[in-house]
$ cat work.pdb   # PDB, C-alpha atoms
ATOM      1  CA  MET A   1      41.026 -85.857  63.470
ATOM      2  CA  PHE A   2      39.570 -87.384  60.317
ATOM      3  CA  LYS A   3      37.938 -84.063  59.352
ATOM      4  CA  ILE A   4      41.261 -82.208  59.711
ATOM      5  CA  LEU A   5      43.051 -84.810  57.586
ATOM      6  CA  THR A   6      40.331 -84.657  54.935
ATOM      7  CA  ASN A   7      40.505 -80.862  54.752
ATOM      8  CA  GLU A   8      44.303 -80.954  54.475
ATOM      9  CA  ILE A   9      44.108 -83.427  51.591
ATOM     10  CA  PHE A  10      41.566 -81.232  49.801
ATOM     11  CA  THR A  11      43.838 -78.214  50.271
ATOM     12  CA  ILE A  12      46.851 -80.051  48.866
ATOM     13  CA  ASN A  13      44.848 -81.267  45.868
ATOM     14  CA  ARG A  14      43.597 -77.736  45.143
ATOM     15  CA  LYS A  15      47.143 -76.384  45.262
ATOM     16  CA  ARG A  16      48.442 -79.111  42.979
ATOM     17  CA  GLY A  17      45.621 -78.466  40.535
ATOM     18  CA  ARG A  18      46.586 -74.792  40.290
ATOM     19  CA  VAL A  19      50.222 -75.648  39.741
ATOM     20  CA  ALA A  20      49.532 -78.457  37.278
ATOM     21  CA  GLN A  21      47.841 -76.180  34.756
ATOM     22  CA  PHE A  22      51.115 -74.263  34.325
ATOM     23  CA  GLU A  23      53.439 -77.267  34.167
ATOM     24  CA  ILE A  24      55.545 -77.678  31.046
ATOM     25  CA  ALA A  25      56.634 -81.014  29.618
ATOM     26  CA  VAL A  26      60.408 -81.405  29.568
ATOM     27  CA  GLU A  27      62.215 -83.876  27.352
ATOM     28  CA  PRO A  28      64.867 -86.172  28.897
ATOM     29  CA  GLU A  29      67.619 -84.430  26.894
ATOM     30  CA  GLU A  30      66.636 -81.090  28.416
ATOM     31  CA  MET A  31      66.713 -82.598  31.912
ATOM     32  CA  GLU A  32      70.319 -83.689  31.342
ATOM     33  CA  GLU A  33      71.244 -80.073  30.579
ATOM     34  CA  PHE A  34      69.753 -78.937  33.889
ATOM     35  CA  ALA A  35      71.404 -81.767  35.818
ATOM     36  CA  GLY A  36      74.846 -80.325  35.034
ATOM     37  CA  LEU A  37      74.027 -76.906  36.454
ATOM     38  CA  ASP A  38      74.942 -75.945  39.987
ATOM     39  CA  PHE A  39      72.280 -73.425  40.953
ATOM     40  CA  ALA A  40      73.913 -72.576  44.271
ATOM     41  CA  THR A  41      77.048 -71.213  42.607
ATOM     42  CA  GLU A  42      75.492 -69.784  39.459
ATOM     43  CA  ALA A  43      75.649 -66.016  39.056
ATOM     44  CA  PRO A  44      72.403 -64.087  39.559
ATOM     45  CA  ILE A  45      70.231 -63.958  36.469
ATOM     46  CA  SER A  46      70.661 -60.778  34.479
ATOM     47  CA  TRP A  47      67.823 -59.003  32.706
ATOM     48  CA  GLU A  48      69.334 -59.979  29.331
ATOM     49  CA  THR A  49      69.425 -63.677  30.287
ATOM     50  CA  LEU A  50      65.849 -63.493  31.498
ATOM     51  CA  ALA A  51      64.773 -61.694  28.310
ATOM     52  CA  ASP A  52      66.375 -64.401  26.159
ATOM     53  CA  ALA A  53      64.600 -67.161  28.080
ATOM     54  CA  LEU A  54      61.080 -65.691  27.943
ATOM     55  CA  ASP A  55      58.551 -65.395  25.150
ATOM     56  CA  GLU A  56      58.039 -61.910  23.761
ATOM     57  CA  GLU A  57      54.537 -61.740  25.255
ATOM     58  CA  LEU A  58      55.760 -62.697  28.716
ATOM     59  CA  LEU A  59      58.667 -60.294  28.507
ATOM     60  CA  ALA A  60      56.278 -57.490  27.538
ATOM     61  CA  ALA A  61      54.004 -58.423  30.441
ATOM     62  CA  LEU A  62      56.959 -58.441  32.829
ATOM     63  CA  GLN A  63      58.041 -55.033  31.583
ATOM     64  CA  SER A  64      54.505 -53.694  32.023
ATOM     65  CA  LEU A  65      54.674 -54.342  35.781
ATOM     66  CA  ASN A  66      55.718 -51.414  37.924
ATOM     67  CA  ASP A  67      59.131 -51.619  39.589
ATOM     68  CA  SER A  68      57.925 -52.862  42.965
ATOM     69  CA  GLU A  69      55.652 -55.534  41.446
ATOM     70  CA  ARG A  70      58.456 -56.740  39.187
ATOM     71  CA  ALA A  71      61.002 -56.801  42.019
ATOM     72  CA  VAL A  72      58.700 -58.724  44.346
ATOM     73  CA  LEU A  73      57.666 -61.203  41.648
ATOM     74  CA  LEU A  74      61.237 -61.933  40.560
ATOM     75  CA  LYS A  75      62.527 -62.239  44.113
ATOM     76  CA  ARG A  76      59.738 -64.687  44.928
ATOM     77  CA  ALA A  77      59.741 -66.676  41.676
ATOM     78  CA  ILE A  78      63.432 -66.746  40.831
ATOM     79  CA  GLY A  79      65.087 -65.934  44.135
ATOM     80  CA  ASP A  80      62.652 -68.185  46.029
ATOM     81  CA  LEU A  81      62.646 -65.720  48.929
ATOM     82  CA  ARG A  82      59.951 -65.700  51.596
ATOM     83  CA  TYR A  83      57.639 -62.738  52.037
ATOM     84  CA  ARG A  84      59.479 -61.504  55.127
ATOM     85  CA  GLU A  85      62.848 -61.785  53.341
ATOM     86  CA  ILE A  86      61.510 -59.803  50.388
ATOM     87  CA  SER A  87      60.128 -57.201  52.769
ATOM     88  CA  GLU A  88      63.503 -56.788  54.478
ATOM     89  CA  CYS A  89      65.435 -56.835  51.198
ATOM     90  CA  LEU A  90      63.300 -54.151  49.529
ATOM     91  CA  GLY A  91      62.570 -52.202  52.696
ATOM     92  CA  ILE A  92      58.794 -52.275  52.237
ATOM     93  CA  PRO A  93      56.029 -53.483  54.599
ATOM     94  CA  LEU A  94      55.011 -57.145  54.530
ATOM     95  CA  GLY A  95      51.483 -56.219  53.421
ATOM     96  CA  SER A  96      52.890 -54.325  50.435
ATOM     97  CA  VAL A  97      54.909 -57.384  49.439
ATOM     98  CA  MET A  98      51.779 -59.533  49.471
ATOM     99  CA  GLY A  99      49.738 -56.943  47.565
ATOM    100  CA  ASN A 100      52.423 -56.337  44.941
ATOM    101  CA  LEU A 101      52.927 -60.068  44.472
ATOM    102  CA  SER A 102      49.206 -60.671  44.087
ATOM    103  CA  ARG A 103      48.849 -57.912  41.479
ATOM    104  CA  ALA A 104      51.960 -59.044  39.614
ATOM    105  CA  ARG A 105      50.783 -62.656  39.496
ATOM    106  CA  GLN A 106      47.361 -61.611  38.242
ATOM    107  CA  LYS A 107      48.861 -59.441  35.505
ATOM    108  CA  MET A 108      51.198 -62.264  34.453
ATOM    109  CA  ARG A 109      48.316 -64.791  34.461
ATOM    110  CA  ASN A 110      46.322 -62.487  32.200
ATOM    111  CA  ALA A 111      49.333 -62.098  29.891
ATOM    112  CA  ILE A 112      49.765 -65.877  29.667
ATOM    113  CA  LEU A 113      46.083 -66.351  28.870
ATOM    114  CA  ARG A 114      46.203 -63.599  26.220
ATOM    115  CA  ALA A 115      49.288 -65.203  24.658
ATOM    116  CA  ARG A 116      47.597 -68.621  24.602
ATOM    117  CA  ARG A 117      44.462 -67.159  23.018
ATOM    118  CA  LYS A 118      46.538 -65.316  20.442
ATOM    119  CA  ALA A 119      48.513 -68.492  19.628
ATOM    120  CA  SER A 120      45.339 -70.531  19.179
ATOM    121  CA  LEU A 121      43.910 -68.104  16.612
TER     122      LEU A 121
END

$ encode --input "work.pdb" --output "structure tokens"
Amino acid sequence: MFKILTNEIFTINRKRGRVAQFEIAVEPEEMEEFAGLDFATEAPISWETLADALDEELLAALQSLNDSERAVLLKRAIGDLRYREISECLGIPLGSVMGNLSRARQKMRNAILRARRKASL
């Protein structure tokens, strides 16, 4: 039982470590803006709204994804849909959803790293 608990704790810590490197500090004033929003009743995000919110490098990286990668990534990241829900929504096999999401995430990670390198120069 102790070994299972230990492995679970290690898994959680690894996941948090991966997420923590992409966390962004938010000022208290910005949090107040978000507190007033009702995400359940908000209209779906349009491409123009998304384009305004993203850096130029990230927007270019998002546009460089093929249609299925972009659709899967946005449905997972913004729509917070599960793999099976994405599969049913797009009418593609579950394995394709996982593959497209993996490729899209890798391409976006590379774009973020390139943008950070470019900014540090």

$ residues_near_point --input "work.pdb" --point "(54.1, -56.1, 45.5)" --cutoff "8 Å" --atoms "all atoms listed in the file" --output "MDAnalysis selection string"
chainID A and resid 68:73 96:104

$ resolve_selection --input "work.pdb" --expression "the PyMOL selection byres ((chain A and resi 60) around 12)" --output "PyMOL selection string"
chain A and resi 50-51+54-59+61-65+70+107-108+111-112+114-115

$ atom_distance --input "work.pdb" --atom1 "CA of Lys75 (chain A)" --atom2 "CA of Ile9 (chain A)"
29.1 Å

$ atom_distance --input "work.pdb" --atom1 "CA of Ile86 (chain A)" --atom2 "CA of Leu74 (chain A)"
10.1 Å

$ atom_distance --input "work.pdb" --atom1 "CA of Thr6 (chain A)" --atom2 "CA of Arg82 (chain A)"
27.5 Å

$ residues_near_point --input "work.pdb" --point "(59.5, -62.8, 50.7)" --cutoff "7 Å" --atoms "all atoms listed in the file" --output "list in words"
Arg76, Leu81, Arg82, Tyr83, Arg84, Glu85, Ile86 and Ser87 of chain A

$ closest_residue --input "work.pdb" --among "A:Met1, A:Asp67, A:Ala77, A:Ile12" --to "Arg105 (chain A)" --atoms "all atoms listed in the file"
A:Ala77

$ axis_aligned_box --input "work.pdb" --around "region 104-109 of chain A" --padding-each-side "4 Å" --output "JSON"
{"center_x": 49.7, "center_y": -61.9, "center_z": 37.0, "size_x": 12.6, "size_y": 13.7, "size_z": 13.2}
